[in-house]
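K.L.:
What follows is the file target_7.cif, containing mmCIF, C-alpha atoms and all ligand atoms:
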data_structure
#
loop_
_atom_site.group_PDB
_atom_site.id
_atom_site.type_symbol
_atom_site.label_atom_id
_atom_site.label_comp_id
_atom_site.auth_asym_id
_atom_site.auth_seq_id
_atom_site.Cartn_x
_atom_site.Cartn_y
_atom_site.Cartn_z
ATOM 1 C CA MET A 1 48.070 110.863 52.833
ATOM 2 C CA ILE A 2 48.061 107.878 50.468
ATOM 3 C CA VAL A 3 45.136 105.435 50.500
ATOM 4 C CA ILE A 4 46.101 101.827 49.828
ATOM 5 C CA GLY A 5 44.102 98.632 49.377
ATOM 6 C CA SER A 6 44.486 95.199 47.849
ATOM 7 C CA ASP A 7 42.568 92.043 47.192
ATOM 8 C CA HIS A 8 43.901 88.741 48.565
ATOM 9 C CA THR A 9 46.571 88.472 45.854
ATOM 10 C CA GLY A 10 48.189 91.743 46.867
ATOM 11 C CA VAL A 11 48.415 91.571 50.650
ATOM 12 C CA GLU A 12 52.152 90.864 50.703
ATOM 13 C CA LEU A 13 52.943 93.606 48.174
ATOM 14 C CA LYS A 14 50.644 96.032 49.990
ATOM 15 C CA ASN A 15 52.383 95.357 53.312
ATOM 16 C CA LYS A 16 55.826 95.836 51.734
ATOM 17 C CA LEU A 17 54.712 99.144 50.214
ATOM 18 C CA ILE A 18 53.298 100.325 53.538
ATOM 19 C CA VAL A 19 56.649 99.669 55.245
ATOM 20 C CA TYR A 20 58.476 101.435 52.391
ATOM 21 C CA LEU A 21 56.217 104.486 52.314
ATOM 22 C CA GLU A 22 56.062 104.835 56.088
ATOM 23 C CA SER A 23 59.887 104.749 56.159
ATOM 24 C CA LYS A 24 59.633 107.899 54.018
ATOM 25 C CA LYS A 25 57.310 109.451 56.616
ATOM 26 C CA ILE A 26 54.289 109.258 54.302
ATOM 27 C CA VAL A 27 50.955 108.798 56.081
ATOM 28 C CA ILE A 28 49.239 105.649 54.808
ATOM 29 C CA ASN A 29 45.564 104.854 55.115
ATOM 30 C CA ASP A 30 45.249 101.086 54.641
ATOM 31 C CA VAL A 31 41.571 100.598 53.883
ATOM 32 C CA THR A 32 41.697 96.816 53.465
ATOM 33 C CA HIS A 33 43.382 95.633 56.648
ATOM 34 C CA PHE A 34 41.052 92.693 57.139
ATOM 35 C CA ALA A 35 42.286 89.697 59.105
ATOM 36 C CA ASP A 36 41.102 87.312 56.395
ATOM 37 C CA GLN A 37 41.332 88.465 52.804
ATOM 38 C CA THR A 38 40.677 85.134 51.143
ATOM 39 C CA GLY A 39 37.090 85.993 50.282
ATOM 40 C CA ASP A 40 37.448 89.519 48.954
ATOM 41 C CA ASP A 41 36.809 90.569 45.372
ATOM 42 C CA TYR A 42 38.683 93.317 43.553
ATOM 43 C CA PRO A 43 35.547 95.338 42.623
ATOM 44 C CA ASP A 44 34.786 95.745 46.352
ATOM 45 C CA ILE A 45 38.357 96.805 47.058
ATOM 46 C CA ALA A 46 38.224 99.214 44.101
ATOM 47 C CA TRP A 47 35.083 100.816 45.547
ATOM 48 C CA ILE A 48 36.567 101.187 49.034
ATOM 49 C CA VAL A 49 39.857 102.671 47.759
ATOM 50 C CA SER A 50 38.030 104.985 45.343
ATOM 51 C CA GLN A 51 35.636 106.333 47.984
ATOM 52 C CA ASN A 52 38.529 107.070 50.335
ATOM 53 C CA VAL A 53 40.525 108.800 47.598
ATOM 54 C CA LEU A 54 37.558 111.022 46.732
ATOM 55 C CA LYS A 55 36.746 111.758 50.382
ATOM 56 C CA ASN A 56 40.331 112.687 51.276
ATOM 57 C CA LYS A 57 41.180 114.320 47.911
ATOM 58 C CA CYS A 58 44.415 112.338 47.801
ATOM 59 C CA LEU A 59 46.161 109.688 45.740
ATOM 60 C CA GLY A 60 45.571 105.970 46.113
ATOM 61 C CA ILE A 61 47.211 102.649 45.338
ATOM 62 C CA ALA A 62 45.012 99.677 44.439
ATOM 63 C CA ILE A 63 46.407 96.181 43.999
ATOM 64 C CA CYS A 64 45.055 92.994 42.435
ATOM 65 C CA GLY A 65 46.774 90.154 40.575
ATOM 66 C CA THR A 66 47.379 92.030 37.334
ATOM 67 C CA GLY A 67 46.243 95.532 38.306
ATOM 68 C CA ILE A 68 43.797 95.328 35.407
ATOM 69 C CA GLY A 69 40.593 94.176 37.112
ATOM 70 C CA ILE A 70 40.894 96.660 39.915
ATOM 71 C CA SER A 71 41.625 99.494 37.465
ATOM 72 C CA ILE A 72 38.547 98.630 35.408
ATOM 73 C CA ALA A 73 36.412 98.726 38.560
ATOM 74 C CA CYS A 74 37.988 101.935 39.934
ATOM 75 C CA ASN A 75 37.373 103.681 36.626
ATOM 76 C CA LYS A 76 33.624 103.034 36.950
ATOM 77 C CA VAL A 77 33.556 105.485 39.866
ATOM 78 C CA ASN A 78 32.897 109.099 38.862
ATOM 79 C CA GLY A 79 35.952 111.267 39.532
ATOM 80 C CA ILE A 80 38.403 108.385 39.576
ATOM 81 C CA ARG A 81 41.143 108.093 36.993
ATOM 82 C CA ALA A 82 42.951 104.840 37.692
ATOM 83 C CA ALA A 83 46.009 103.669 35.755
ATOM 84 C CA VAL A 84 47.813 100.353 35.659
ATOM 85 C CA CYS A 85 51.529 101.114 35.519
ATOM 86 C CA THR A 86 54.312 98.613 34.964
ATOM 87 C CA ASN A 87 57.160 101.112 34.701
ATOM 88 C CA LYS A 88 58.248 104.571 35.859
ATOM 89 C CA TYR A 89 57.457 106.239 32.546
ATOM 90 C CA MET A 90 53.800 105.173 32.703
ATOM 91 C CA ALA A 91 53.587 106.415 36.308
ATOM 92 C CA GLU A 92 55.105 109.755 35.345
ATOM 93 C CA MET A 93 52.928 110.330 32.305
ATOM 94 C CA THR A 94 49.665 109.251 33.887
ATOM 95 C CA ARG A 95 50.187 111.875 36.595
ATOM 96 C CA LYS A 96 51.378 114.617 34.205
ATOM 97 C CA ASP A 97 48.816 114.050 31.445
ATOM 98 C CA ASN A 98 45.854 112.174 32.949
ATOM 99 C CA ASP A 99 45.917 113.496 36.526
ATOM 100 C CA ALA A 100 45.450 109.865 37.558
ATOM 101 C CA ASN A 101 44.445 109.608 41.186
ATOM 102 C CA ILE A 102 44.823 105.850 41.663
ATOM 103 C CA LEU A 103 47.884 103.785 40.770
ATOM 104 C CA CYS A 104 46.946 100.172 40.049
ATOM 105 C CA LEU A 105 49.590 97.528 40.547
ATOM 106 C CA GLY A 106 49.712 93.835 39.704
ATOM 107 C CA SER A 107 50.939 91.673 42.565
ATOM 108 C CA ARG A 108 51.589 88.738 40.229
ATOM 109 C CA LEU A 109 53.752 90.640 37.765
ATOM 110 C CA GLU A 110 57.011 90.342 39.726
ATOM 111 C CA LEU A 111 58.201 93.822 38.794
ATOM 112 C CA ASP A 112 61.563 94.582 40.377
ATOM 113 C CA ASN A 113 61.210 98.365 40.317
ATOM 114 C CA ILE A 114 57.885 98.712 42.097
ATOM 115 C CA ASN A 115 59.128 101.267 44.666
ATOM 116 C CA ASP A 116 60.372 103.476 41.817
ATOM 117 C CA ILE A 117 56.975 103.280 40.102
ATOM 118 C CA VAL A 118 55.243 104.284 43.343
ATOM 119 C CA ASP A 119 57.753 107.099 44.016
ATOM 120 C CA MET A 120 57.235 108.494 40.539
ATOM 121 C CA PHE A 121 53.450 108.356 40.834
ATOM 122 C CA ILE A 122 53.246 110.129 44.193
ATOM 123 C CA THR A 123 55.849 112.819 43.452
ATOM 124 C CA THR A 124 54.758 113.875 39.946
ATOM 125 C CA ASN A 125 52.231 116.666 39.493
ATOM 126 C CA PHE A 126 49.514 117.082 36.884
ATOM 127 C CA GLU A 127 50.657 119.533 34.203
ATOM 128 C CA GLY A 128 47.251 121.095 33.547
ATOM 129 C CA GLU A 129 46.875 123.387 30.509
ATOM 130 C CA ARG A 130 45.878 121.377 27.394
ATOM 131 C CA HIS A 131 45.636 118.249 29.537
ATOM 132 C CA GLN A 132 42.950 119.886 31.677
ATOM 133 C CA ARG A 133 40.770 120.253 28.581
ATOM 134 C CA ARG A 134 40.992 116.491 28.033
ATOM 135 C CA ILE A 135 40.242 115.699 31.666
ATOM 136 C CA ASP A 136 37.224 117.994 31.414
ATOM 137 C CA LYS A 137 36.038 115.870 28.482
ATOM 138 C CA ILE A 138 36.348 112.699 30.564
ATOM 139 C CA THR A 139 34.269 114.382 33.267
ATOM 140 C CA LYS A 140 31.751 115.358 30.591
ATOM 141 C CA ILE A 141 31.478 111.718 29.448
ATOM 142 C CA GLU A 142 30.742 110.704 33.059
ATOM 143 C CA LYS A 143 28.141 113.453 33.420
ATOM 144 C CA SER A 144 26.471 112.736 30.073
ATOM 145 C CA GLN A 145 25.924 109.091 31.027
ATOM 146 C CA LYS A 146 24.429 110.082 34.377
ATOM 147 C CA GLU A 147 22.086 112.498 32.631
ATOM 148 C CA GLY A 148 21.281 110.216 29.674
ATOM 149 C CA VAL A 149 22.756 112.707 27.218
ATOM 150 C CA ASN A 150 24.727 111.611 24.130
ATOM 151 C CA TYR A 151 28.305 112.837 24.617
ATOM 152 C CA GLY A 152 28.921 112.229 20.916
ATOM 153 C CA ASP A 153 26.632 115.113 20.023
ATOM 154 C CA SER A 154 29.166 117.533 21.480
ATOM 155 C CA ILE A 155 32.200 116.269 19.505
HETATM 156 C C1 LIG A 201 42.005 87.182 41.549
HETATM 157 O O1 LIG A 201 42.274 85.835 41.383
HETATM 158 C C2 LIG A 201 42.383 87.939 40.288
HETATM 159 O O2 LIG A 201 41.442 87.688 39.287
HETATM 160 C C3 LIG A 201 42.468 89.415 40.573
HETATM 161 O O3 LIG A 201 43.410 89.653 41.551
HETATM 162 C C4 LIG A 201 42.860 90.334 39.426
HETATM 163 O O4 LIG A 201 44.068 89.951 38.858
HETATM 164 C C5 LIG A 201 41.861 90.606 38.408
HETATM 165 O O5 LIG A 201 42.109 91.387 37.464
#
If you took the structure in this file and wrote it as structure tokens, what would it be?
Ligand code: RB5
P.N.:
Amino acid sequence: MIVIGSDHTGVELKNKLIVYLESKKIVINDVTHFADQTGDDYPDIAWIVSQNVLKNKCLGIAICGTGIGISIACNKVNGIRAAVCTNKYMAEMTRKDNDANILCLGSRLELDNINDIVDMFITTNFEGERHQRRIDKITKIEKSQKEGVNYGDSI
């Protein structure tokens, strides 16, 4: 399953991606299928997509105008690693190295290879090994802030 959500800027792109992914028999959970999206804000969408990704232990796609705002908000949620990708290489590497669980896309960027970016993101696996050590450090930063501990003391 892939979770998908967008703010008002990304409704058209989101709908195109749903048609594309469903044509590949991928189950899509559209978590922002509101009738009227003119009043939504990307931090709210980021929260909804992030919670669904964590709950279902799956990948997600989050869309705003640039992909930047929604990625900033998603990355505030513990356990989320969200990456804005504008090409296939970024999508590949953020899965292999960062174990990113949310792909953030910009609906106003007019990228012509968006399906390829999505394909790469959802078909590439995390490589683990030395990259796991770095992910563990990200998790430790999250935990240290929750507990009021200075992460810097452990470097
Ligand atoms: C909404 O106008 C716009 O600010 C939002 O979609 C996003 O691009 C923010 O980063």
K.L.:
With distances taken over all atoms listed in the file, which residue among A:Cys58, A:Leu21, A:Ala46, A:Met120 lies nearest ligand LIG 201 (chain A)?
P.N.:
A:Ala46
K.L.:
Assuming the chain letters and numbering stay as they are in my file, what does the PyMOL selection byres (((not hetatm)) within 10 of (chain A and resi 201)) actually select? List them as number ranges by chain.
P.N.:
A: 6-10, 38, 40-43, 63-73, 105-109
K.L.:
Quick one: which residues end up in the PyMOL selection byres (((chain A and resi 126) around 9) and not hetatm) for this structure, as a list in words?
P.N.:
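Taken over the shown coordinates, the PyMOL selection byres (((chain A and resi 126) around 9) and not hetatm) returns Met93, Thr94, Arg95, Lys96, Asp97, Asn98, Asp99, Ala100, Thr124, Asn125, Glu127, Gly128, His131 and Gln132 of chain A.
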K.L.:
Any chance you can output those residues with C-alpha atoms as a PDB file, keeping the file's coordinate frame?
P.N.:
ATOM      1  CA  MET A  93      52.928 110.330  32.305  1.00  0.00           C
ATOM      2  CA  THR A  94      49.665 109.251  33.887  1.00  0.00           C
ATOM      3  CA  ARG A  95      50.187 111.875  36.595  1.00  0.00           C
ATOM      4  CA  LYS A  96      51.378 114.617  34.205  1.00  0.00           C
ATOM      5  CA  ASP A  97      48.816 114.050  31.445  1.00  0.00           C
ATOM      6  CA  ASN A  98      45.854 112.174  32.949  1.00  0.00           C
ATOM      7  CA  ASP A  99      45.917 113.496  36.526  1.00  0.00           C
ATOM      8  CA  ALA A 100      45.450 109.865  37.558  1.00  0.00           C
ATOM      9  CA  THR A 124      54.758 113.875  39.946  1.00  0.00           C
ATOM     10  CA  ASN A 125      52.231 116.666  39.493  1.00  0.00           C
ATOM     11  CA  GLU A 127      50.657 119.533  34.203  1.00  0.00           C
ATOM     12  CA  GLY A 128      47.251 121.095  33.547  1.00  0.00           C
ATOM     13  CA  HIS A 131      45.636 118.249  29.537  1.00  0.00           C
ATOM     14  CA  GLN A 132      42.950 119.886  31.677  1.00  0.00           C
TER      15      GLN A 132
END
K.L.:
Please return as number ranges by chain every residue within 7 Å of (41.8, 97.0, 49.3), taking into account all atoms listed in the file and the file's own coordinates.
P.N.:
A: 4-7, 31-32, 45-46, 48-49, 62
K.L.:
So which residues touch Asp119 in chain A within 10 Å, counting all atoms listed in the file, skipping near sequence neighbours fewer than 3 positions away, as a VMD selection string?
P.N.:
chain A and resid 21 88 91 to 92 114 to 116 122 to 124
K.L.:
Distance CA of Ile117 in chain A-CA of Lys16 in chain A, one decimal place?
P.N.:
13.9 Å
K.L.:
I'd like to know which of A:Ser23, A:Asn150, A:Asn52, A:Asn15 is closest to Val3 in chain A, using only C-alpha atoms.
P.N.:
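Of all the options, A:Asn52 lies closest to Val3 in chain A.
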K.L.:
On this structure, which residues satisfy the PyMOL selection byres (((chain A and resi 139) around 12) and not hetatm), written as an MDAnalysis selection string?
P.N.:
chainID A and resid 75:81 98 132:138 140:146 151
K.L.:
To one decimal place, how far is CA of Ala82 in chain A from CA of Ile102 in chain A in Å?
P.N.:
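Answer for the CA of Ala82 in chain A to CA of Ile102 in chain A separation: 4.5 Å.
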K.L.:
Quick one: pull the distance between CA of Glu129 in chain A and CA of Gln51 in chain A, Å, one decimal.
P.N.:
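We find that CA of Glu129 in chain A and CA of Gln51 in chain A lie 26.9 Å from each other.
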K.L.:
Could you check which of A:Asn29, A:Leu13, A:Met1, A:Lys55 is closest to Leu111 in chain A, using all atoms listed in the file?
P.N.:
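Closest to Leu111 in chain A of all the choices is A:Leu13.
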